[in-house]
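Just below is one structure, and these are the notes that go with it.
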Amino acid sequence: MNFPILSSLILLPSIGAIFLFFTRSKSENKITIKYVALFTSLVNFFLSIYLWFLFDQTTSAFQFVEDRVWIEGLINYKVGIDGISILFIILTTFITPLCIISVNNSITKRLNEFLIAILVMETFMIGVFCSLDLVVFYLFFEAGLIPMFLIIGIWGGARRVYSAFKFFLFTLLGSVLMLVAVISIYWITGTTDVVKLYELGIDTKYQNLLWLAFFSSFAVKTPMWPVHTWLPDAHVEAPTAGSVLLAAILLKMAGYGFIRFSLGLFPTASEVFTPLIYTLSIIAIIFTSLIALMQEDMKKLIAYSSVAHMGFVTLGIFTIQQQGLEGSIIQMISHGLVSAALFLCVGVVYDRMHSRLIATYGGIVTIIPKYAILFMVFTLAALGLPGTSGFVGEFLILMAAFKDNFLVAVLASLGVIIGAAYMLWLYKRVIFGKLINSELKKMIDLNKSEAFTLTCLAIPTLYFGFYPEPLINTIEVSINDLIDTYNFSLASK
Amino acid sequence: MNSIELIFPEIFISLSIMFLLILGVFKKDSSKIIHNISLLVLLITSVITFNETLSVKPTILFNESIVIDYLSSFMKIITLLAAFVVLLISSNYLRTFKIFKIEYPILILSSVLGMMIMISSNDLIVFYMGLELQSLALYVLATFNRDQLKSSEAGLKYFVLSALSSGLLLYGCSLIYGFTGSTNFNVISTQFDTNEYALTFGIVFILVGLAFKISAVPFHMWAPDVYEGSPTSVTLFFTMVPKIAALTVFIRFLYVPFLNLIDQWQMILVFLSIASMLFGAIAAIGQKNLKRLIAYSSISHIGYALAGLATGSNDGIQSSVIYMTIYIIMNLGFFSCLLMMRRNNIYYEQIDDLSGLSKNHPLLSISLLIILFSLAGIPPLAGFFAKFYIFKSVIEQSMYFLAIVGLLSTVVAAFYYLRIIKIMYFDQEKDSYDKDHSLWLKLSLTVSTLLILMYFIFPSELIDAVSKINII
């Protein structure tokens, strides 16, 4: 316990980044640079696996806690994990090396700086999931904007400037209100330590406003309808690795924030605003699924499907039942894997044909069969076919929703059907059909690194689809405790 | 006679000014020597002042007209160090424009002397004397590049408008003197009658005069023109040093005699603060010249500092002081970058001139990137903490409206800082700039960037230093 394992997880990528900063970005150095970054992120990954191995699944208390005075009498640097956060940390450390491997083809200029941005981003993302102090959380949450802004802006597509600005300003606008709330909490209770706040509770009369302030930040980040508009833009223009990070991890920060802060700190307000969340989630699920159906750009389609999937997540969280919350977390992990893989799949064909339009493709199943197979696995996982991780999450969420509100559950199930429709249609139009575009014949099948990354993502997708037990075991106790506390504070009101 | 020792820094500076003037008259081509001696004088004075903070208890001298306490020493040290850095990094710029003359360091020294008197003043007359001393030096500094039309225009504009505001300020002083019978802060605080409206008028006039000096909206009109027209090194001086002194007077004037009238002046300060934050953020969006842009950005930053003062609490004052300290470091970094944009002896100052800077000058642009994100208040950089302390003290007084408006205007402000970053990083590159900058310029950029970047590791140091400021 003496070894500060969480701080090492947070700091390691940054140390790698500093190392890269002092490396010269010459063409002959490119391989070295990549291996340095890859090595750093792999060390981090194995460290996090080791962390999972050490993790005690039988308690809901925070583990590996580090508590240091940071600003005298004001803020403590406090990190720690429980069953909810550990999975997100592993997801982060798992996705980052894959991102770095995928950089191979897509990034031609300023590779060095790109890898620095990704590693710094990893630091901030892990920090978000570890922090047990509101100010520390806010710090990591906001700091992530800087590298992401640069990733989209420097290495993005044609409309990258617009997208980068939209991403940055939307998120910042949501977050500043959260800062007001964080300071208000400090003023009301005298502490920003999450563990202490769980014990103390926050006076009911303040909860609604505080909840809304946190909501404004998380809703933009999730993203929920109607503030989701930055996401398709950001995804379309970001380079593949950027899209992967954005979809797989950045969006999960908000879901995590909902569970950790909205439910944990403001139970009364969460109860009050549940109908709001339900409504917005249902709109997100159905409305954005319909929009996804009409997209002509593959990345945009997947981006809208992300919004729909995150709609399921928010729905599941606010059912405030064991199954719903477990489902939401599994759905987030699964979406992290699947959407990452789908963006990588789009990246693969984009690198070859330089087009993301669905109409460009068609009939490529005979030309690149390996790709077709892997793409199919992820398509099916995205639409929630039994046997993939997507199914487990959606099923649990819908089950909890049925218990709570029949109408909501029916509408959400409708979203599942539309989801199946747009994913299958996408697959049909890209992979099957007649081979009209003769240039497609020159396409080469997956190279080693692409095949490797996609397989790496396919294995957990299928494994957890058939056997979600390890995930559920990890989160079960913490979720249970969260719900008990929640119900207790509602009852004692 | 014991008390003379306490104003030794001021005496030392005034003697040095006289000595340097005589030296300048009798020795030819002495600008370099005078420049170096002035640097030494500033350094020595700050060391002396620093020693004072360690040993001296709060004292009021000379018929209670001068006050030496922790606040004054702290602010004096910042003033002196900031002036020191300005002088240090401006020599190359001045040489390029052939205005590397003996008057420049001497004028800076005399305005610093004026500011030190302002900072220590506990009496309206003393305060006005210091104010005029520093203003007169600043007028000349603004026109220092006299062959350029813009520079002369800047100086003239500054002079006329500043004289007007000084007039208002004096009128306010006379009203206060008329209704309390004294110009001394401590005496005023015991003499005034809260129901006397004329007194409130006096406060308002003085606040207007002071708001003019720190360029708070709606008394900001001179700032963009003057900042653009003055030589860049003087602009750097304008954006930082006079504001520290004026802000100190703000603190002393409002919190020593008129704390009981907080209901009257709090509204004014809240208005000044909100107007400055919003206007500074919105007006900067359309700017094309970096110096004009930084003028508007400084207007909005002063708004945040005023928000801290508007709280009427010790926490608020401390947060304002922290804010100004961090702001000065960021500004130093920004202007160091600006002074590095030189190609074939021409300095560039349009935003478009930064286009694609990151290709040719990766280190310079990454520093500027860090500084700009910090100015925008994005964590984990120092600028975020500065804003965090301000809003913490504001929310502690339940002034939610001020806090929310302030935070929303940071989003607006983020837009134009992002625009600069966009131009640096996303646009096509132009010719590269010269790389043979003076060691000091590089050093000041490196140090300020590192301070901004690393502030989050040792945030307590600055808070500890400021926490000894106790006015109420």
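Labeling convention for the structure tokens: chains A, B, ... as they appear, residues from 1 per chain, ligands from 1 in order of appearance.
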
Q. How would you write, as a PyMOL selection string, the set of residues in stretch 159-358 of chain A that DSSP gives as helix (DSSP H, G or I)?
A. chain A and resi 160-189+194-200+204-221+230-237+240-265+267-293+298-317+322-353+358

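The part of chain A that reaches within 8 Å of chain B is made up of A:Trp70, A:Ile71, A:Glu72, A:Leu139, A:Phe140, A:Glu142, A:Ala143, A:Ile146, A:Gly153, A:Ile154, A:Val161, A:Phe165, A:Leu169, A:Leu172, A:Leu173, A:Val176, A:Leu177, A:Val180, A:Ile183, A:Ser184, A:Trp187, counting only C-alpha atoms.
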
(Q) For a quick check of understanding, using only C-alpha atoms, which of B:Ser152, B:Ser162, B:Asn63, B:Ser233 has the smallest distance to B:Pro105? (A) B:Ser233

**Q.** A:His354 surroundings by only C-alpha atoms, 12 Å radius, close-in-sequence under 6 positions cut, as a PyMOL selection string
**A.** chain A and resi 105-106+157+346-348+360-361+439-440+443

Could you please take those selected residues and save N, CA and C atoms as a PDB file, in the first residue's frame?
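The result, written out as result.pdb:
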ATOM      1  N   ASN A 105      -0.413   4.981 -40.004  1.00  0.00           N
ATOM      2  CA  ASN A 105      -0.631   5.467 -41.357  1.00  0.00           C
ATOM      3  C   ASN A 105      -1.235   6.855 -41.397  1.00  0.00           C
ATOM      4  N   SER A 106      -2.060   7.140 -40.420  1.00  0.00           N
ATOM      5  CA  SER A 106      -2.897   8.321 -40.574  1.00  0.00           C
ATOM      6  C   SER A 106      -2.160   9.612 -40.290  1.00  0.00           C
ATOM      7  N   GLY A 157      -9.362  17.102 -40.099  1.00  0.00           N
ATOM      8  CA  GLY A 157      -9.705  17.188 -41.513  1.00  0.00           C
ATOM      9  C   GLY A 157      -9.938  18.617 -41.959  1.00  0.00           C
ATOM     10  N   VAL A 346     -13.243   2.556 -39.720  1.00  0.00           N
ATOM     11  CA  VAL A 346     -13.412   3.629 -40.696  1.00  0.00           C
ATOM     12  C   VAL A 346     -12.047   4.166 -41.092  1.00  0.00           C
ATOM     13  N   GLY A 347     -11.169   4.307 -40.084  1.00  0.00           N
ATOM     14  CA  GLY A 347      -9.826   4.798 -40.368  1.00  0.00           C
ATOM     15  C   GLY A 347      -9.108   3.919 -41.373  1.00  0.00           C
ATOM     16  N   VAL A 348      -9.304   2.606 -41.261  1.00  0.00           N
ATOM     17  CA  VAL A 348      -8.618   1.678 -42.161  1.00  0.00           C
ATOM     18  C   VAL A 348      -8.996   1.959 -43.609  1.00  0.00           C
ATOM     19  N   THR A 360     -18.957   5.767 -51.513  1.00  0.00           N
ATOM     20  CA  THR A 360     -17.712   5.399 -52.192  1.00  0.00           C
ATOM     21  C   THR A 360     -17.520   3.888 -52.210  1.00  0.00           C
ATOM     22  N   TYR A 361     -18.005   3.247 -51.166  1.00  0.00           N
ATOM     23  CA  TYR A 361     -17.693   1.838 -50.985  1.00  0.00           C
ATOM     24  C   TYR A 361     -18.840   0.958 -51.478  1.00  0.00           C
ATOM     25  N   GLU A 439     -11.901   1.582 -58.461  1.00  0.00           N
ATOM     26  CA  GLU A 439     -10.687   1.854 -57.687  1.00  0.00           C
ATOM     27  C   GLU A 439     -10.604   1.014 -56.424  1.00  0.00           C
ATOM     28  N   LEU A 440     -11.750   0.519 -55.993  1.00  0.00           N
ATOM     29  CA  LEU A 440     -11.767  -0.278 -54.767  1.00  0.00           C
ATOM     30  C   LEU A 440     -10.964  -1.564 -54.931  1.00  0.00           C
ATOM     31  N   MET A 443      -7.598  -2.013 -53.258  1.00  0.00           N
ATOM     32  CA  MET A 443      -7.481  -1.981 -51.800  1.00  0.00           C
ATOM     33  C   MET A 443      -6.741  -3.186 -51.267  1.00  0.00           C
TER      34      MET A 443
END

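Across the structure, atom CA of A:Ile152 and atom CA of A:Ala241 are spaced 10.0 Å apart.
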
Q. Could you pull out all residues of stretch 140-359 of chain B with a DSSP call of strand (DSSP E or B) and give them as a PyMOL selection string?
A. chain B and resi 184+289+342-343+346-347+350

Q: Can you pull out every residue within 10 Å of A:Leu38, counting only C-alpha atoms, but drop anything in the same chain fewer than 2 positions away, and send it as JSON, numbers by chain?
A: {"A": [13, 16, 32, 33, 34, 35, 36, 40, 41, 42, 43, 44, 96, 97, 98, 99, 100, 101, 115, 119]}

Write the selection just made, keeping N, CA and C atoms, as a PDB file, in the first residue's frame?
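The file below, again-v4.pdb, is the result:
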ATOM      1  N   PRO A  13       2.465   8.435 -18.048  1.00  0.00           N
ATOM      2  CA  PRO A  13       2.353   8.936 -19.423  1.00  0.00           C
ATOM      3  C   PRO A  13       2.972  10.310 -19.592  1.00  0.00           C
ATOM      4  N   GLY A  16       6.611  10.038 -19.924  1.00  0.00           N
ATOM      5  CA  GLY A  16       6.900   9.631 -21.293  1.00  0.00           C
ATOM      6  C   GLY A  16       6.813  10.815 -22.240  1.00  0.00           C
ATOM      7  N   THR A  32      11.529   5.110 -33.396  1.00  0.00           N
ATOM      8  CA  THR A  32      11.938   5.196 -31.989  1.00  0.00           C
ATOM      9  C   THR A  32      10.889   5.934 -31.171  1.00  0.00           C
ATOM     10  N   ILE A  33      10.462   7.075 -31.724  1.00  0.00           N
ATOM     11  CA  ILE A  33       9.476   7.890 -31.019  1.00  0.00           C
ATOM     12  C   ILE A  33       8.243   7.052 -30.711  1.00  0.00           C
ATOM     13  N   LYS A  34       7.808   6.323 -31.714  1.00  0.00           N
ATOM     14  CA  LYS A  34       6.584   5.552 -31.522  1.00  0.00           C
ATOM     15  C   LYS A  34       6.790   4.475 -30.473  1.00  0.00           C
ATOM     16  N   TYR A  35       7.965   3.848 -30.521  1.00  0.00           N
ATOM     17  CA  TYR A  35       8.182   2.782 -29.541  1.00  0.00           C
ATOM     18  C   TYR A  35       8.276   3.333 -28.126  1.00  0.00           C
ATOM     19  N   VAL A  36       8.852   4.509 -27.991  1.00  0.00           N
ATOM     20  CA  VAL A  36       8.906   5.113 -26.648  1.00  0.00           C
ATOM     21  C   VAL A  36       7.487   5.326 -26.119  1.00  0.00           C
ATOM     22  N   THR A  40       5.711   3.351 -22.987  1.00  0.00           N
ATOM     23  CA  THR A  40       5.148   4.043 -21.822  1.00  0.00           C
ATOM     24  C   THR A  40       3.721   3.600 -21.570  1.00  0.00           C
ATOM     25  N   SER A  41       2.935   3.587 -22.647  1.00  0.00           N
ATOM     26  CA  SER A  41       1.522   3.288 -22.435  1.00  0.00           C
ATOM     27  C   SER A  41       1.325   1.811 -22.085  1.00  0.00           C
ATOM     28  N   LEU A  42       2.208   0.943 -22.609  1.00  0.00           N
ATOM     29  CA  LEU A  42       2.080  -0.480 -22.257  1.00  0.00           C
ATOM     30  C   LEU A  42       2.438  -0.710 -20.789  1.00  0.00           C
ATOM     31  N   VAL A  43       3.485  -0.042 -20.334  1.00  0.00           N
ATOM     32  CA  VAL A  43       3.837  -0.162 -18.912  1.00  0.00           C
ATOM     33  C   VAL A  43       2.639   0.247 -18.069  1.00  0.00           C
ATOM     34  N   ASN A  44       2.019   1.326 -18.505  1.00  0.00           N
ATOM     35  CA  ASN A  44       0.858   1.802 -17.778  1.00  0.00           C
ATOM     36  C   ASN A  44      -0.270   0.774 -17.791  1.00  0.00           C
ATOM     37  N   THR A  96      -5.346   3.426 -24.974  1.00  0.00           N
ATOM     38  CA  THR A  96      -4.256   4.325 -25.385  1.00  0.00           C
ATOM     39  C   THR A  96      -3.166   3.622 -26.212  1.00  0.00           C
ATOM     40  N   PRO A  97      -2.627   2.463 -25.765  1.00  0.00           N
ATOM     41  CA  PRO A  97      -1.617   1.838 -26.629  1.00  0.00           C
ATOM     42  C   PRO A  97      -2.163   1.482 -28.009  1.00  0.00           C
ATOM     43  N   LEU A  98      -3.433   1.074 -28.054  1.00  0.00           N
ATOM     44  CA  LEU A  98      -4.003   0.744 -29.367  1.00  0.00           C
ATOM     45  C   LEU A  98      -4.035   1.978 -30.260  1.00  0.00           C
ATOM     46  N   CYS A  99      -4.368   3.120 -29.657  1.00  0.00           N
ATOM     47  CA  CYS A  99      -4.347   4.383 -30.395  1.00  0.00           C
ATOM     48  C   CYS A  99      -2.967   4.637 -30.967  1.00  0.00           C
ATOM     49  N   ILE A 100      -1.961   4.401 -30.114  1.00  0.00           N
ATOM     50  CA  ILE A 100      -0.601   4.705 -30.547  1.00  0.00           C
ATOM     51  C   ILE A 100      -0.191   3.772 -31.680  1.00  0.00           C
ATOM     52  N   ILE A 101      -0.621   2.505 -31.594  1.00  0.00           N
ATOM     53  CA  ILE A 101      -0.299   1.589 -32.691  1.00  0.00           C
ATOM     54  C   ILE A 101      -0.983   2.052 -33.973  1.00  0.00           C
ATOM     55  N   LEU A 115       1.980  12.266 -30.432  1.00  0.00           N
ATOM     56  CA  LEU A 115       2.109  11.267 -29.370  1.00  0.00           C
ATOM     57  C   LEU A 115       2.172  11.924 -28.003  1.00  0.00           C
ATOM     58  N   LEU A 119      -0.353  11.091 -24.928  1.00  0.00           N
ATOM     59  CA  LEU A 119       0.106  10.653 -23.611  1.00  0.00           C
ATOM     60  C   LEU A 119      -0.360  11.608 -22.514  1.00  0.00           C
TER      61      LEU A 119
END

Identify, on the basis of only C-alpha atoms, every residue whose closest approach to A:Ala409 does not exceed 10 Å; exclude the query and any residue fewer than 3 positions from it along the same chain; express the result as a compact mmCIF listing (two decimals) with C-alpha atoms, in the first residue's frame.
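Output saved as out-v1.txt:
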# COMPACT_ATOMS: atom_id res chain seq x y z
CA TYR A 278 -35.44 9.97 -18.89
CA ILE A 282 -35.27 8.76 -24.84
CA LEU A 315 -31.13 6.08 -18.80
CA ILE A 397 -30.48 -1.36 -18.73
CA LEU A 398 -33.74 -2.29 -20.42
CA MET A 399 -34.59 -4.73 -17.67
CA ALA A 400 -34.12 -2.06 -15.03
CA ALA A 401 -36.09 0.40 -17.13
CA PHE A 402 -39.02 -2.03 -17.44
CA LYS A 403 -39.16 -2.30 -13.67
CA ASP A 404 -39.22 1.44 -13.31
CA ASN A 405 -41.29 2.80 -16.14
CA PHE A 406 -42.94 0.71 -18.84
CA ALA A 412 -35.87 2.64 -25.49
CA SER A 413 -36.40 -0.80 -27.01
CA LEU A 414 -37.61 0.93 -30.12
CA GLY A 415 -34.24 2.64 -30.21

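When the distance limit is 9 Å and only C-alpha atoms are what count, the residues near A:Ser489, minus those fewer than 6 positions from it on the same chain, are Gly201, Pro267 and Thr268 of chain A.
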
Q: State, in Å with one decimal place, the distance from atom CA of A:Phe312 to atom CA of A:Leu145.
A: 24.9 Å

Q) Which one is closest to A:Gln321: A:Leu263, A:Leu293, A:Ile364, A:Ala269? Count only C-alpha atoms. A) A:Leu263

Q.
Give me the residues near B:Lys243 as JSON, numbers by chain, where near means some atom within 9 Å (using only C-alpha atoms) and where sequence neighbours in that chain fewer than 5 positions away do not count.
A. {"B": [213, 214, 215, 238, 248, 302, 324]}

Could you write those residues out with C-alpha atoms, as a PDB file, in the first residue's frame?
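Below is the file selection_8.pdb, written as the result:
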ATOM      1  CA  LYS B 213      -5.757  54.436 -14.024  1.00  0.00           C
ATOM      2  CA  ILE B 214      -6.417  50.703 -14.055  1.00  0.00           C
ATOM      3  CA  SER B 215      -8.471  51.027 -17.259  1.00  0.00           C
ATOM      4  CA  PHE B 238       1.789  49.866 -18.808  1.00  0.00           C
ATOM      5  CA  THR B 248      -3.161  48.926  -3.837  1.00  0.00           C
ATOM      6  CA  ILE B 302      -8.581  43.827 -14.173  1.00  0.00           C
ATOM      7  CA  MET B 324      -2.427  40.349 -10.054  1.00  0.00           C
TER       8      MET B 324
END

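Each of B:Ile99, B:Pro58, B:Ile68, B:Val112 was checked against B:Leu80 using only C-alpha atoms; the smallest atom-to-atom distance is that of B:Val112.
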
Q. From the list B:Gly333, B:Gly303, B:Gly202, B:Gly356, which residue is nearest B:Leu445 when using only C-alpha atoms?
A. B:Gly333

Q. Which residue, B:Ile244, B:Leu332, B:Val234, B:Ile471, has the smallest gap to B:Lys76 when you use only C-alpha atoms?
A. B:Ile244

(Q) Using only C-alpha atoms for the distances, tell me which of A:Leu280, A:Thr455, A:Thr93, A:Gly433 is nearest to A:Ile118. (A) A:Thr93
